[in-house]
Amino acid sequence: MKRLQAFKFQIEPNGEQIRAMRQYAGNARKIWNLALNRQQERHTAGEKFTNSFGMNNWLPAWKQEFSYLCDSPSQTLQQVTKDLAAAYKNFFEKRADFPQFKKKGRSSDSFRFPQGFEIDEANRRIRLPKLGWIRYRKSRGILGLAKNITVSCVAGKWYASIQTEREVGQPIHPSTSIVGLDAGITLFATLSDGTMFEPVNALRTRAAKMAKYQRRMSRKVKFSRNWKKAKARITQLHQRVAHTRNDFLHKTSNIISKNHAMVVIEDLNVTNMSKSASGTLEAPGRRVNAKSGLNKSILDQGWGEFRRQLEYKQAWLGGEVFAVNPRNTSRACPACGHICAENRKTQSQFECVECGYAENADLNAAINILRAGHARLACEVNGAVMPSATGTHRSDSRMAQCHA
Ligand SMILES: [Zn+2]
């Protein structure tokens with residue numbers, strides 16, 4: 001099996017290289033915005049989506065109009081149309097929101113080389129087209145064949161992420177267990193075996209600090225030295241939050257992935273989940289403020305990234321992640337099968353109105369998710385045709401519903 005892996009290092013460019021890289025990143029952003037705008041105009045005019053090859057045909061005219069675009073290595077601009085096409089695909093397939101315009105300083109600056117680079121591990125340096133040799137801080141060896149290099153800037157620091165590919169044997173997962181996983185708000189994750197993971201809510205704990213600096217920034221004269229100081233502090237805080245969260249996601253996905261060969265999760269569309277703010281299901285008609293608070297909390301947890309990590313770690317270990325229809329997992333009784341909104345007494349407590357079975361609501365959901373996983377595995381074993389690997393939408397006819 002092919003294993004893809006990214007190796008990210010901080011790089012140490014000189015002043016001239018930094019100026020060039022800033023421009024390449026700015027040009028990449030420019031192309032993104034131009035292409036996105038053109039796609040939207042075409043859409044309004046009733047025309048079809050243009051793929052990356054089609055978008056690349058727009059590049060020469062833009063280079064004539066904005067001559068600074070010519071300073072960028074052409075391949076980095078073509079990579080942008082490829083990324084935009086991928087963003088559209090994710091949107092069409094409901095995995096992501098509609099692509100956004102990129103603003104200077106807001107989205108992280110980056111550009112990518114698919115070829116023409118050189119890696120000199122012995123001397124800890126890489127050579128990039130038009131930029132020349134740049135030293136990097138070596139923290140680990142690079143495994144596999146390098147396929148591309150993405151250069152990015154976060155809070156004034158530059159990084160190179162080297163994407164590699166290598167052939168590895170098909171692994172056999174050390175464990176044989178299967179577990180259901182319920183993703184929550186009060187608890188980050190609950191497993192059907194009773195394991196619970198507390199959330200970090202890194203952003204929330206630092207929210208007060210963040211607000212302080214944001215107030216401070218708003219009181220300063222824009223672009224003054226003190227304004228810049230406050231702004232830098234906010235950027236730094238954001239970076240720490242991201243780091244803490246990422247660390248947590250990796251640790252949690254490691255533990256789950258090592259202990260279970262199969263992890264059954266709910267097929268929630270993360271972007272939808274944060275938008276509709278499950279309040280609609282559990283307590284309809286919630287205030288917008290409450291919703292935005294929940295939004296923050298969900299986004300803070302990084303579900304999309306967590307699922308991604310879990311999936312690739314399972315693939316590496318020879319395990320599997322599969323998603324089942326989330327329908328009724330929080331309302332069904334595992335003891336008698338009764339499905340009813342009243343079963344969920346509170347956010348944290350489940351109690352069946354039919355048979356009286358009571359359990360922690362998150363654990364109950366995890367058990368139902370595991371059951372849905374078993375049911376699907378049984379179907380696959382019996383050779384029944386399943387609609388698709390993920391996103392199956394079928395209701396369990398065995399169970400009667402008292403609330404639509
Ligand atoms: Zn029951």
# chains A, B, ... in the order shown; residues from 1 in each chain; ligands from 1

$ residues_around --residues "region 5-15 of chain A" --least-positions-apart "3" --cutoff "7 Å" --atoms "only C-alpha atoms" --output "PyMOL selection string"
chain A and resi 18-19+134-138+142+158-165

$ residues_near_ligand --ligand "ligand 1" --cutoff "12 Å" --atoms "only C-alpha atoms and all ligand atoms" --output "PyMOL selection string"
chain A and resi 331-340+342-344+350-359+364+399-400

$ closest_residue --among "A:Val151, A:Met217, A:Ile265, A:Leu143" --to "Phe111 (chain A)" --atoms "only C-alpha atoms"
A:Val151

$ atom_distance --atom1 "CA of Thr329 (chain A)" --atom2 "CA of Ala366 (chain A)"
7.7 Å

$ closest_residue --among "A:Trp133, A:Tyr213, A:Trp316, A:Trp32" --to "Val80 (chain A)" --atoms "only C-alpha atoms"
A:Trp32

$ select_by_dssp --residues "region 83-207 of chain A" --states "alpha helix (DSSP H)" --output "PyMOL selection string"
chain A and resi 83-92+202-205+207

$ closest_atom_pairs --of "region 295-352 of chain A" --to "region 166-186 of chain A" --cutoff "7 Å" --atoms "only C-alpha atoms" --output "CSV"
residue,atom,partner,partner_atom,distance
A:Ile298,CA,A:Ile185,CA,6.8
A:Trp316,CA,A:Pro171,CA,7.0
A:Leu317,CA,A:His173,CA,5.3
A:Gly318,CA,A:His173,CA,4.7
A:Gly319,CA,A:His173,CA,5.5

$ select_by_dssp --residues "region 125-360 of chain A" --states "strand (DSSP E or B)" --output "JSON, numbers by chain"
{"A": [125, 126, 127, 128, 132, 133, 134, 135, 136, 145, 146, 147, 148, 149, 150, 151, 152, 153, 154, 157, 158, 159, 160, 161, 162, 163, 164, 165, 166, 167, 178, 179, 180, 181, 182, 183, 189, 190, 191, 196, 197, 262, 263, 264, 265, 266, 320, 321, 322, 323, 324, 332, 339, 344, 349, 350, 351, 358, 359, 360]}

$ write_last_selection --atoms "C-alpha atoms" --output "PDB file, in the first residue's frame"
ATOM      1  CA  ARG A 125      18.798  22.407   3.036  1.00  0.00           C
ATOM      2  CA  ILE A 126      16.310  22.478   0.184  1.00  0.00           C
ATOM      3  CA  ARG A 127      16.574  24.170  -3.185  1.00  0.00           C
ATOM      4  CA  LEU A 128      13.405  25.765  -4.509  1.00  0.00           C
ATOM      5  CA  GLY A 132      17.715  28.871  -4.431  1.00  0.00           C
ATOM      6  CA  TRP A 133      18.992  26.996  -1.395  1.00  0.00           C
ATOM      7  CA  ILE A 134      17.290  27.497   1.954  1.00  0.00           C
ATOM      8  CA  ARG A 135      18.394  25.873   5.197  1.00  0.00           C
ATOM      9  CA  TYR A 136      15.833  24.094   7.314  1.00  0.00           C
ATOM     10  CA  LEU A 145       9.885  10.033  -2.451  1.00  0.00           C
ATOM     11  CA  ALA A 146       9.168  13.776  -2.256  1.00  0.00           C
ATOM     12  CA  LYS A 147       6.164  14.655  -4.434  1.00  0.00           C
ATOM     13  CA  ASN A 148       5.783  18.341  -3.679  1.00  0.00           C
ATOM     14  CA  ILE A 149       6.818  21.104  -1.276  1.00  0.00           C
ATOM     15  CA  THR A 150       4.454  23.669   0.224  1.00  0.00           C
ATOM     16  CA  VAL A 151       5.988  26.836   1.620  1.00  0.00           C
ATOM     17  CA  SER A 152       3.881  28.668   4.183  1.00  0.00           C
ATOM     18  CA  CYS A 153       4.148  31.571   6.575  1.00  0.00           C
ATOM     19  CA  VAL A 154       2.476  31.542   9.962  1.00  0.00           C
ATOM     20  CA  LYS A 157       7.761  32.200  10.558  1.00  0.00           C
ATOM     21  CA  TRP A 158       8.324  30.279   7.329  1.00  0.00           C
ATOM     22  CA  TYR A 159       7.837  26.548   6.919  1.00  0.00           C
ATOM     23  CA  ALA A 160       8.365  23.957   4.219  1.00  0.00           C
ATOM     24  CA  SER A 161       6.100  20.948   4.187  1.00  0.00           C
ATOM     25  CA  ILE A 162       7.474  18.092   2.114  1.00  0.00           C
ATOM     26  CA  GLN A 163       4.834  15.642   0.953  1.00  0.00           C
ATOM     27  CA  THR A 164       6.227  12.188   0.306  1.00  0.00           C
ATOM     28  CA  GLU A 165       4.989   8.865  -0.933  1.00  0.00           C
ATOM     29  CA  ARG A 166       6.351   5.411  -0.204  1.00  0.00           C
ATOM     30  CA  GLU A 167       5.371   1.810  -0.557  1.00  0.00           C
ATOM     31  CA  ILE A 178     -14.472  -2.621  17.286  1.00  0.00           C
ATOM     32  CA  VAL A 179     -15.679   0.472  19.056  1.00  0.00           C
ATOM     33  CA  GLY A 180     -18.358   3.147  18.587  1.00  0.00           C
ATOM     34  CA  LEU A 181     -17.350   6.776  18.983  1.00  0.00           C
ATOM     35  CA  ASP A 182     -19.711   9.603  19.876  1.00  0.00           C
ATOM     36  CA  ALA A 183     -18.425  13.106  19.291  1.00  0.00           C
ATOM     37  CA  ALA A 189     -15.416  11.896  22.536  1.00  0.00           C
ATOM     38  CA  THR A 190     -17.095   8.974  24.251  1.00  0.00           C
ATOM     39  CA  LEU A 191     -16.341   5.391  23.267  1.00  0.00           C
ATOM     40  CA  MET A 196     -14.283   9.313  27.806  1.00  0.00           C
ATOM     41  CA  PHE A 197     -12.112  12.110  26.494  1.00  0.00           C
ATOM     42  CA  MET A 262     -12.366  -0.642  13.803  1.00  0.00           C
ATOM     43  CA  VAL A 263     -13.791   2.689  14.846  1.00  0.00           C
ATOM     44  CA  VAL A 264     -17.395   3.443  13.994  1.00  0.00           C
ATOM     45  CA  ILE A 265     -18.263   7.113  13.857  1.00  0.00           C
ATOM     46  CA  GLU A 266     -21.277   9.153  12.893  1.00  0.00           C
ATOM     47  CA  GLU A 320     -10.502   1.042   9.636  1.00  0.00           C
ATOM     48  CA  VAL A 321     -12.832   3.947  10.309  1.00  0.00           C
ATOM     49  CA  PHE A 322     -16.308   3.799   9.012  1.00  0.00           C
ATOM     50  CA  ALA A 323     -19.143   6.208   9.216  1.00  0.00           C
ATOM     51  CA  VAL A 324     -22.768   5.335   9.827  1.00  0.00           C
ATOM     52  CA  ALA A 332     -32.755   5.141  20.493  1.00  0.00           C
ATOM     53  CA  ILE A 339     -36.924   5.625  19.652  1.00  0.00           C
ATOM     54  CA  ARG A 344     -33.105  12.091  26.072  1.00  0.00           C
ATOM     55  CA  GLN A 349     -28.821  11.882  30.635  1.00  0.00           C
ATOM     56  CA  PHE A 350     -30.617   9.201  28.642  1.00  0.00           C
ATOM     57  CA  GLU A 351     -33.610   7.411  30.102  1.00  0.00           C
ATOM     58  CA  ALA A 358     -30.875   4.732  31.880  1.00  0.00           C
ATOM     59  CA  GLU A 359     -27.350   5.617  30.827  1.00  0.00           C
ATOM     60  CA  ASN A 360     -25.066   8.565  30.295  1.00  0.00           C
TER      61      ASN A 360
END

$ closest_atom_pairs --of "region 43-84 of chain A" --to "region 88-91 of chain A" --cutoff "12 Å" --atoms "only C-alpha atoms" --output "JSON lines"
{"residue": "A:Phe49", "atom": "CA", "partner": "A:Tyr88", "partner_atom": "CA", "distance": 8.8}
{"residue": "A:Thr50", "atom": "CA", "partner": "A:Tyr88", "partner_atom": "CA", "distance": 10.1}
{"residue": "A:Asn51", "atom": "CA", "partner": "A:Tyr88", "partner_atom": "CA", "distance": 9.4}
{"residue": "A:Ser52", "atom": "CA", "partner": "A:Tyr88", "partner_atom": "CA", "distance": 10.6}
{"residue": "A:Thr81", "atom": "CA", "partner": "A:Tyr88", "partner_atom": "CA", "distance": 10.5}
{"residue": "A:Lys82", "atom": "CA", "partner": "A:Tyr88", "partner_atom": "CA", "distance": 9.9}
{"residue": "A:Asp83", "atom": "CA", "partner": "A:Tyr88", "partner_atom": "CA", "distance": 8.6}
{"residue": "A:Leu84", "atom": "CA", "partner": "A:Tyr88", "partner_atom": "CA", "distance": 6.2}

$ atom_distance --atom1 "CA of Lys30 (chain A)" --atom2 "CA of Asp109 (chain A)"
11.2 Å
